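Trainee: Have a look at this one.
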Amino acid sequence: MFTTLYRIIKTGFKNFLRNGWLSLASTIIMTLTLFIISIFLIGNIVLNQGVQTIQDKIDISVYLNDGVPDQTVLDLQKEISDNSNVRLVRYVSKDDAKQKYEQKFADNPQLKESLNDSGGNPLPASLEIKTYDPNKISSLMPIFSESKYKPVVRKVSYQENKDTIDRLVKFTQFIRNVGWSVAALLIITSLIIIYNTIRTAIYTHRDEIEIMKLVGANPWFIKGPFLVEGIVYGIIGTIASLTALYVLLKLLVDFLNGYFGTGDIGNNVFGFLLQNLGTLVVLLLATGIIIGGTSSTVAIRKYLKKS
C-alpha cells in the first residue's frame with residue numbers, strides 16, 4: 001500500500017516537472033488567486049479598523065444660543081447623557097471655543113485677526129457628544145426638537161457627519177464587492193488553466209494510461225498522479241502567496257500607520273497575520289488543494305469516460 005502511494009506521489013511530481021511552462025503558468029495563476037484571497041481577508045481587517053478609527057473621531061456638536069441659563073444647559077446635558085448610545089458629553093464654553101479656534105488656525109494670522117476684529121466673541125458655546133455607534137446618532141435628534149430645548153439650540157452638526165459615515169460605509173461595501181468579484185474571477189481562471197494543464201498531461205501519457213487499463217491497474221493508480229499534480233499547484237501557490245503577503249505587509253506597516261494617523265493599524269494588521277498564521281495557512285492550503293484537486297478530478301473523469 002505504502003509502495004503504491006509512494007509511486008503515485010512520485011509520478012505526480014514527475015508530471016508536474018515534465019509539463020514545464022504549463023505548470024509554471026498554472027502555479028502563477030494559483031499563487032495570484034490565493035494572494036488575492038489573502039489580501040482580501042487582510043484588507044477587511046484594515047477597512048474595519050480604518051472605519052472604527054474614523055468613527056471614533058466623529059462626534060456631534062450642538063451649538064447653543066447666547067445667554068442660555070446654566071441650569072437649562074445642565075438639563076440638556078443630562079438628558080443627552082441618559083441615552084444608551086452616548087459615550088461622552090462635554091461642554092465647550094465660548095472662551096474654550098475661541099481658544100480652540102486660535103489653536104486650529106495658529107498658522108493663519110488673518111483668520112485670527114478677523115475673529116478679534118469682529119468685536120467680542122462671536123463663537124457659540126456648544127456640547128460635544130461622542131457616541132458608541134455613529135450610525136445611531138439619529139436617536140438623539142428628537143431631544144433637540146423638544147419645546148424645552150428648541151430655543152436653546154442654534155445648530156446641530158449632524159447631517160455633515162451622517163454623510164461622512166454613509167460615504168464610508170458605501171466605500172467599504174464597494175471594496176468588499178470588488179474583492180469578492182476579483183477572487184471569484186481568479187478562482188474560475190485557476191480552475192480552467194489547471195484543468196487544461198491536467199488534460200494536456202493526460203493526453204501526453206495517454207498510451208501509458210491505456211496500457212495500465214489493459215493490464216487491470218487500480219483506477220486510483222491511474223487517477224492518483226494527476227490528482228497529486230493538482231494538489232502540488234495548491235501547495236506551491238500557498239507557499240508563494242504567503243511569502244508575497246508577508247513581504248507586502250512588511251512594506252506597508254509604516255504606510256498604514258502614517259495614513260490613519262492613530263490606532264497603530266499597520267502593526268495591528270501585521271500582528272494579526274503572525275498571530276493567525278496557522279489559520280491562514282490552513283485556509284489558503286485548503287482552498288489551493290480544493291481548486292487543484294477539483295480541476296484534476298474533472299479532467300481525469302472526462303478522459304476516462306471518453307476512453
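Labeling convention for the C-alpha cells: chains A, B, ... as they appear, residues from 1 per chain, ligands from 1 in order of appearance.
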Taking the backbone alone, and naming residues the way the document does, which bits of stretch 49-242 of chain A are strand (DSSP E or B) by DSSP, as a list in words?
Mentor: Ile60, Ser61, Val62, Tyr63, Leu64, Val86, Arg87, Leu88, Val89, Arg90, Tyr91, Val92, Ser126, Leu127, Glu128, Ile129, Lys130, Thr131, Val153, Arg154, Lys155 and Val156 of chain A
Trainee: Please produce a file of the residues just selected, as a PDB file, in the first residue's frame, where the atoms kept are N, CA and C atoms.
Mentor:
ATOM      1  N   ILE A  60     -20.834  64.771  17.507  1.00  0.00           N
ATOM      2  CA  ILE A  60     -21.880  65.754  17.197  1.00  0.00           C
ATOM      3  C   ILE A  60     -21.595  67.005  18.015  1.00  0.00           C
ATOM      4  N   SER A  61     -21.698  68.123  17.372  1.00  0.00           N
ATOM      5  CA  SER A  61     -21.577  69.390  18.094  1.00  0.00           C
ATOM      6  C   SER A  61     -22.947  70.066  18.112  1.00  0.00           C
ATOM      7  N   VAL A  62     -23.457  70.323  19.324  1.00  0.00           N
ATOM      8  CA  VAL A  62     -24.731  71.021  19.491  1.00  0.00           C
ATOM      9  C   VAL A  62     -24.407  72.457  19.892  1.00  0.00           C
ATOM     10  N   TYR A  63     -24.562  73.394  18.952  1.00  0.00           N
ATOM     11  CA  TYR A  63     -24.218  74.795  19.201  1.00  0.00           C
ATOM     12  C   TYR A  63     -25.388  75.479  19.910  1.00  0.00           C
ATOM     13  N   LEU A  64     -25.059  76.202  20.973  1.00  0.00           N
ATOM     14  CA  LEU A  64     -26.081  76.814  21.824  1.00  0.00           C
ATOM     15  C   LEU A  64     -26.197  78.313  21.560  1.00  0.00           C
ATOM     16  N   VAL A  86     -24.808  57.151  24.014  1.00  0.00           N
ATOM     17  CA  VAL A  86     -23.885  58.271  24.262  1.00  0.00           C
ATOM     18  C   VAL A  86     -22.741  57.826  25.163  1.00  0.00           C
ATOM     19  N   ARG A  87     -21.518  58.061  24.692  1.00  0.00           N
ATOM     20  CA  ARG A  87     -20.327  57.690  25.448  1.00  0.00           C
ATOM     21  C   ARG A  87     -19.806  58.856  26.281  1.00  0.00           C
ATOM     22  N   LEU A  88     -19.909  60.083  25.729  1.00  0.00           N
ATOM     23  CA  LEU A  88     -19.353  61.252  26.416  1.00  0.00           C
ATOM     24  C   LEU A  88     -20.073  62.512  25.961  1.00  0.00           C
ATOM     25  N   VAL A  89     -20.340  63.410  26.914  1.00  0.00           N
ATOM     26  CA  VAL A  89     -20.881  64.742  26.597  1.00  0.00           C
ATOM     27  C   VAL A  89     -19.985  65.767  27.282  1.00  0.00           C
ATOM     28  N   ARG A  90     -19.459  66.686  26.493  1.00  0.00           N
ATOM     29  CA  ARG A  90     -18.538  67.679  27.066  1.00  0.00           C
ATOM     30  C   ARG A  90     -19.015  69.083  26.710  1.00  0.00           C
ATOM     31  N   TYR A  91     -19.072  69.940  27.712  1.00  0.00           N
ATOM     32  CA  TYR A  91     -19.487  71.331  27.489  1.00  0.00           C
ATOM     33  C   TYR A  91     -18.278  72.162  27.074  1.00  0.00           C
ATOM     34  N   VAL A  92     -18.441  72.920  25.989  1.00  0.00           N
ATOM     35  CA  VAL A  92     -17.388  73.813  25.495  1.00  0.00           C
ATOM     36  C   VAL A  92     -17.910  75.236  25.585  1.00  0.00           C
ATOM     37  N   SER A 126     -21.026  75.226  23.088  1.00  0.00           N
ATOM     38  CA  SER A 126     -21.559  74.009  22.462  1.00  0.00           C
ATOM     39  C   SER A 126     -21.425  72.810  23.391  1.00  0.00           C
ATOM     40  N   LEU A 127     -22.123  71.750  23.024  1.00  0.00           N
ATOM     41  CA  LEU A 127     -21.978  70.448  23.677  1.00  0.00           C
ATOM     42  C   LEU A 127     -21.402  69.483  22.645  1.00  0.00           C
ATOM     43  N   GLU A 128     -20.260  68.893  22.956  1.00  0.00           N
ATOM     44  CA  GLU A 128     -19.643  67.907  22.063  1.00  0.00           C
ATOM     45  C   GLU A 128     -20.030  66.517  22.543  1.00  0.00           C
ATOM     46  N   ILE A 129     -20.614  65.737  21.645  1.00  0.00           N
ATOM     47  CA  ILE A 129     -21.151  64.423  22.007  1.00  0.00           C
ATOM     48  C   ILE A 129     -20.421  63.334  21.229  1.00  0.00           C
ATOM     49  N   LYS A 130     -19.944  62.323  21.949  1.00  0.00           N
ATOM     50  CA  LYS A 130     -19.363  61.147  21.310  1.00  0.00           C
ATOM     51  C   LYS A 130     -20.265  59.956  21.583  1.00  0.00           C
ATOM     52  N   THR A 131     -20.494  59.147  20.555  1.00  0.00           N
ATOM     53  CA  THR A 131     -21.397  58.005  20.677  1.00  0.00           C
ATOM     54  C   THR A 131     -20.637  56.693  20.496  1.00  0.00           C
ATOM     55  N   VAL A 153     -31.066  75.571  21.297  1.00  0.00           N
ATOM     56  CA  VAL A 153     -30.144  75.023  20.291  1.00  0.00           C
ATOM     57  C   VAL A 153     -30.120  75.901  19.048  1.00  0.00           C
ATOM     58  N   ARG A 154     -28.917  76.329  18.686  1.00  0.00           N
ATOM     59  CA  ARG A 154     -28.743  77.129  17.470  1.00  0.00           C
ATOM     60  C   ARG A 154     -28.600  76.228  16.246  1.00  0.00           C
ATOM     61  N   LYS A 155     -27.762  75.204  16.367  1.00  0.00           N
ATOM     62  CA  LYS A 155     -27.496  74.316  15.229  1.00  0.00           C
ATOM     63  C   LYS A 155     -26.925  72.996  15.757  1.00  0.00           C
ATOM     64  N   VAL A 156     -27.206  71.908  15.030  1.00  0.00           N
ATOM     65  CA  VAL A 156     -26.639  70.593  15.360  1.00  0.00           C
ATOM     66  C   VAL A 156     -25.856  70.100  14.146  1.00  0.00           C
TER      67      VAL A 156
END
Trainee: Sorted by chain and rising residue number, list the residues of stretch 24-103 of chain A at most 12 Å from stretch 7-20 of chain A (counting only C-alpha atoms), each with its closest atom pair and distance in Å to one decimal, as JSON lines.
Mentor:
{"residue": "A:Leu24", "atom": "CA", "partner": "A:Gly20", "partner_atom": "CA", "distance": 6.4}
{"residue": "A:Ala25", "atom": "CA", "partner": "A:Gly20", "partner_atom": "CA", "distance": 8.8}
{"residue": "A:Ser26", "atom": "CA", "partner": "A:Gly20", "partner_atom": "CA", "distance": 10.1}
{"residue": "A:Thr27", "atom": "CA", "partner": "A:Phe16", "partner_atom": "CA", "distance": 10.1}
Trainee: Include C-alpha atoms and write out the residues we just selected as an mmCIF file, in the first residue's frame.
Mentor:
data_model
loop_
_atom_site.group_PDB
_atom_site.id
_atom_site.type_symbol
_atom_site.label_atom_id
_atom_site.label_comp_id
_atom_site.auth_asym_id
_atom_site.auth_seq_id
_atom_site.Cartn_x
_atom_site.Cartn_y
_atom_site.Cartn_z
ATOM 1 C CA LEU A 24 4.586 27.424 -14.355
ATOM 2 C CA ALA A 25 1.501 29.205 -15.731
ATOM 3 C CA SER A 26 -0.818 27.152 -13.507
ATOM 4 C CA THR A 27 1.334 27.848 -10.447
#
Trainee: Out of stretch 126-300 of chain A, which residues get alpha helix (DSSP H) from DSSP, as number ranges by chain?
Mentor: A: 141-144, 159-204, 206-214, 219-260, 265-275, 277-300
Trainee: Write out as an mmCIF file with N, CA and C atoms, in the first residue's frame each polymer residue whose atoms come within 12 Å of stretch 221-227 of chain A, counting only C-alpha atoms; drop sequence neighbours fewer than 5 positions from it.
Mentor:
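Contents of selection-v1.cif, freshly written:
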data_model
loop_
_atom_site.group_PDB
_atom_site.id
_atom_site.type_symbol
_atom_site.label_atom_id
_atom_site.label_comp_id
_atom_site.auth_asym_id
_atom_site.auth_seq_id
_atom_site.Cartn_x
_atom_site.Cartn_y
_atom_site.Cartn_z
ATOM 1 N N MET A 1 0.832 -1.216 0.000
ATOM 2 C CA MET A 1 0.000 0.000 0.000
ATOM 3 C C MET A 1 0.864 1.263 0.000
ATOM 4 N N THR A 3 3.950 1.440 -0.840
ATOM 5 C CA THR A 3 4.739 1.475 -2.082
ATOM 6 C C THR A 3 3.925 2.092 -3.209
ATOM 7 N N THR A 4 2.644 1.699 -3.292
ATOM 8 C CA THR A 4 1.748 2.236 -4.326
ATOM 9 C C THR A 4 1.548 3.741 -4.136
ATOM 10 N N LEU A 5 1.337 4.146 -2.873
ATOM 11 C CA LEU A 5 1.150 5.575 -2.572
ATOM 12 C C LEU A 5 2.395 6.368 -2.942
ATOM 13 N N TYR A 6 3.556 5.804 -2.630
ATOM 14 C CA TYR A 6 4.826 6.470 -2.950
ATOM 15 C C TYR A 6 4.959 6.663 -4.464
ATOM 16 N N ARG A 7 4.607 5.607 -5.226
ATOM 17 C CA ARG A 7 4.727 5.682 -6.683
ATOM 18 C C ARG A 7 3.757 6.714 -7.272
ATOM 19 N N ILE A 8 2.548 6.764 -6.701
ATOM 20 C CA ILE A 8 1.554 7.755 -7.171
ATOM 21 C C ILE A 8 2.072 9.171 -6.954
ATOM 22 N N ILE A 9 2.596 9.428 -5.742
ATOM 23 C CA ILE A 9 3.114 10.773 -5.421
ATOM 24 C C ILE A 9 4.317 11.101 -6.296
ATOM 25 N N LYS A 10 5.210 10.133 -6.458
ATOM 26 C CA LYS A 10 6.417 10.343 -7.276
ATOM 27 C C LYS A 10 6.041 10.653 -8.719
ATOM 28 N N THR A 11 5.088 9.899 -9.264
ATOM 29 C CA THR A 11 4.652 10.133 -10.648
ATOM 30 C C THR A 11 3.979 11.496 -10.790
ATOM 31 N N GLY A 12 3.210 11.888 -9.759
ATOM 32 C CA GLY A 12 2.564 13.198 -9.779
ATOM 33 C C GLY A 12 3.571 14.332 -9.851
ATOM 34 N N PHE A 13 4.629 14.243 -9.047
ATOM 35 C CA PHE A 13 5.679 15.270 -9.082
ATOM 36 C C PHE A 13 6.401 15.259 -10.428
ATOM 37 N N LYS A 14 6.623 14.051 -10.995
ATOM 38 C CA LYS A 14 7.277 13.968 -12.310
ATOM 39 C C LYS A 14 6.429 14.654 -13.377
ATOM 40 N N ASN A 15 5.110 14.402 -13.317
ATOM 41 C CA ASN A 15 4.206 15.059 -14.272
ATOM 42 C C ASN A 15 4.275 16.581 -14.146
ATOM 43 N N PHE A 16 4.346 17.054 -12.893
ATOM 44 C CA PHE A 16 4.422 18.494 -12.640
ATOM 45 C C PHE A 16 5.669 19.090 -13.296
ATOM 46 N N ASN A 19 5.645 19.044 -17.345
ATOM 47 C CA ASN A 19 4.760 19.979 -18.053
ATOM 48 C C ASN A 19 5.376 21.350 -18.290
ATOM 49 N N ILE A 194 -5.710 25.041 -14.753
ATOM 50 C CA ILE A 194 -5.214 23.776 -14.194
ATOM 51 C C ILE A 194 -5.916 22.598 -14.871
ATOM 52 N N TYR A 195 -7.200 22.752 -15.154
ATOM 53 C CA TYR A 195 -7.940 21.704 -15.865
ATOM 54 C C TYR A 195 -7.289 21.416 -17.219
ATOM 55 N N ASN A 196 -6.967 22.464 -17.957
ATOM 56 C CA ASN A 196 -6.335 22.276 -19.271
ATOM 57 C C ASN A 196 -4.919 21.731 -19.153
ATOM 58 N N THR A 197 -4.210 22.143 -18.097
ATOM 59 C CA THR A 197 -2.863 21.606 -17.874
ATOM 60 C C THR A 197 -2.915 20.103 -17.621
ATOM 61 N N ILE A 198 -3.860 19.671 -16.778
ATOM 62 C CA ILE A 198 -4.004 18.246 -16.478
ATOM 63 C C ILE A 198 -4.454 17.484 -17.724
ATOM 64 N N ARG A 199 -5.341 18.080 -18.505
ATOM 65 C CA ARG A 199 -5.780 17.444 -19.756
ATOM 66 C C ARG A 199 -4.607 17.220 -20.696
ATOM 67 N N THR A 200 -3.713 18.222 -20.767
ATOM 68 C CA THR A 200 -2.519 18.089 -21.609
ATOM 69 C C THR A 200 -1.631 16.959 -21.092
ATOM 70 N N ALA A 201 -1.474 16.907 -19.757
ATOM 71 C CA ALA A 201 -0.657 15.846 -19.155
ATOM 72 C C ALA A 201 -1.258 14.469 -19.439
ATOM 73 N N ILE A 202 -2.595 14.389 -19.346
ATOM 74 C CA ILE A 202 -3.281 13.112 -19.625
ATOM 75 C C ILE A 202 -3.072 12.708 -21.087
ATOM 76 N N TYR A 203 -3.199 13.689 -21.975
ATOM 77 C CA TYR A 203 -3.011 13.407 -23.407
ATOM 78 C C TYR A 203 -1.588 12.934 -23.680
ATOM 79 N N THR A 204 -0.607 13.532 -23.011
ATOM 80 C CA THR A 204 0.798 13.141 -23.188
ATOM 81 C C THR A 204 1.024 11.697 -22.737
ATOM 82 N N HIS A 205 0.319 11.297 -21.685
ATOM 83 C CA HIS A 205 0.512 9.957 -21.114
ATOM 84 C C HIS A 205 -0.617 9.006 -21.508
ATOM 85 N N ARG A 206 -1.303 9.314 -22.620
ATOM 86 C CA ARG A 206 -2.473 8.503 -22.983
ATOM 87 C C ARG A 206 -2.109 7.049 -23.257
ATOM 88 N N ASP A 207 -0.941 6.814 -23.884
ATOM 89 C CA ASP A 207 -0.548 5.429 -24.178
ATOM 90 C C ASP A 207 -0.295 4.651 -22.892
ATOM 91 N N GLU A 208 0.381 5.305 -21.933
ATOM 92 C CA GLU A 208 0.643 4.646 -20.652
ATOM 93 C C GLU A 208 -0.668 4.325 -19.933
ATOM 94 N N ILE A 209 -1.616 5.264 -20.005
ATOM 95 C CA ILE A 209 -2.914 5.066 -19.341
ATOM 96 C C ILE A 209 -3.648 3.871 -19.963
ATOM 97 N N GLU A 210 -3.613 3.766 -21.300
ATOM 98 C CA GLU A 210 -4.287 2.669 -21.975
ATOM 99 C C GLU A 210 -3.679 1.325 -21.583
ATOM 100 N N ILE A 211 -2.351 1.275 -21.484
ATOM 101 C CA ILE A 211 -1.668 0.038 -21.089
ATOM 102 C C ILE A 211 -2.066 -0.362 -19.668
ATOM 103 N N MET A 212 -2.097 0.631 -18.755
ATOM 104 C CA MET A 212 -2.475 0.358 -17.367
ATOM 105 C C MET A 212 -3.901 -0.168 -17.285
ATOM 106 N N LYS A 213 -4.784 0.388 -18.116
ATOM 107 C CA LYS A 213 -6.172 -0.075 -18.112
ATOM 108 C C LYS A 213 -6.267 -1.516 -18.625
ATOM 109 N N LEU A 214 -5.460 -1.833 -19.668
ATOM 110 C CA LEU A 214 -5.484 -3.178 -20.246
ATOM 111 C C LEU A 214 -4.982 -4.245 -19.277
ATOM 112 N N VAL A 215 -3.988 -3.868 -18.457
ATOM 113 C CA VAL A 215 -3.425 -4.842 -17.506
ATOM 114 C C VAL A 215 -4.200 -4.861 -16.194
ATOM 115 N N GLY A 216 -5.305 -4.079 -16.130
ATOM 116 C CA GLY A 216 -6.170 -4.115 -14.953
ATOM 117 C C GLY A 216 -5.669 -3.320 -13.770
ATOM 118 N N VAL A 232 -0.242 19.693 -5.897
ATOM 119 C CA VAL A 232 1.070 20.359 -5.863
ATOM 120 C C VAL A 232 0.922 21.833 -6.235
ATOM 121 N N TYR A 233 0.069 22.120 -7.226
ATOM 122 C CA TYR A 233 -0.171 23.522 -7.591
ATOM 123 C C TYR A 233 -0.703 24.300 -6.379
ATOM 124 N N GLY A 234 -1.608 23.678 -5.647
ATOM 125 C CA GLY A 234 -2.172 24.343 -4.466
ATOM 126 C C GLY A 234 -1.140 24.575 -3.387
ATOM 127 N N ILE A 289 -5.752 23.368 -2.524
ATOM 128 C CA ILE A 289 -5.914 21.926 -2.770
ATOM 129 C C ILE A 289 -7.269 21.638 -3.400
ATOM 130 N N ILE A 290 -8.316 22.342 -2.924
ATOM 131 C CA ILE A 290 -9.660 22.136 -3.492
ATOM 132 C C ILE A 290 -9.688 22.554 -4.964
ATOM 133 N N ILE A 291 -9.076 23.716 -5.276
ATOM 134 C CA ILE A 291 -9.044 24.190 -6.670
ATOM 135 C C ILE A 291 -8.277 23.208 -7.551
ATOM 136 N N GLY A 292 -7.042 22.858 -7.112
ATOM 137 C CA GLY A 292 -6.214 21.938 -7.900
ATOM 138 C C GLY A 292 -6.820 20.551 -7.994
ATOM 139 N N GLY A 293 -7.309 20.047 -6.859
ATOM 140 C CA GLY A 293 -7.894 18.707 -6.843
ATOM 141 C C GLY A 293 -9.155 18.604 -7.678
ATOM 142 N N THR A 294 -10.006 19.648 -7.609
ATOM 143 C CA THR A 294 -11.253 19.652 -8.386
ATOM 144 C C THR A 294 -10.963 19.643 -9.883
ATOM 145 N N SER A 295 -10.023 20.507 -10.311
ATOM 146 C CA SER A 295 -9.662 20.575 -11.736
ATOM 147 C C SER A 295 -9.121 19.236 -12.219
ATOM 148 N N SER A 296 -8.252 18.630 -11.417
ATOM 149 C CA SER A 296 -7.648 17.346 -11.802
ATOM 150 C C SER A 296 -8.702 16.247 -11.880
ATOM 151 N N THR A 297 -9.577 16.200 -10.882
ATOM 152 C CA THR A 297 -10.612 15.159 -10.836
ATOM 153 C C THR A 297 -11.542 15.247 -12.037
ATOM 154 N N VAL A 298 -11.979 16.456 -12.372
ATOM 155 C CA VAL A 298 -12.887 16.642 -13.507
ATOM 156 C C VAL A 298 -12.198 16.236 -14.813
ATOM 157 N N ALA A 299 -10.924 16.642 -14.960
ATOM 158 C CA ALA A 299 -10.184 16.346 -16.196
ATOM 159 C C ALA A 299 -10.001 14.841 -16.399
ATOM 160 N N ILE A 300 -9.586 14.132 -15.354
ATOM 161 C CA ILE A 300 -9.329 12.694 -15.497
ATOM 162 C C ILE A 300 -10.637 11.922 -15.674
ATOM 163 N N ARG A 301 -11.694 12.367 -15.009
ATOM 164 C CA ARG A 301 -13.000 11.699 -15.162
ATOM 165 C C ARG A 301 -13.513 11.828 -16.591
ATOM 166 N N LYS A 302 -13.386 13.026 -17.144
ATOM 167 C CA LYS A 302 -13.856 13.249 -18.515
ATOM 168 C C LYS A 302 -13.081 12.379 -19.488
ATOM 169 N N TYR A 303 -11.775 12.260 -19.262
ATOM 170 C CA TYR A 303 -10.954 11.451 -20.168
ATOM 171 C C TYR A 303 -11.316 9.973 -20.061
ATOM 172 N N LEU A 304 -11.451 9.468 -18.838
ATOM 173 C CA LEU A 304 -11.746 8.051 -18.632
ATOM 174 C C LEU A 304 -13.135 7.674 -19.162
#
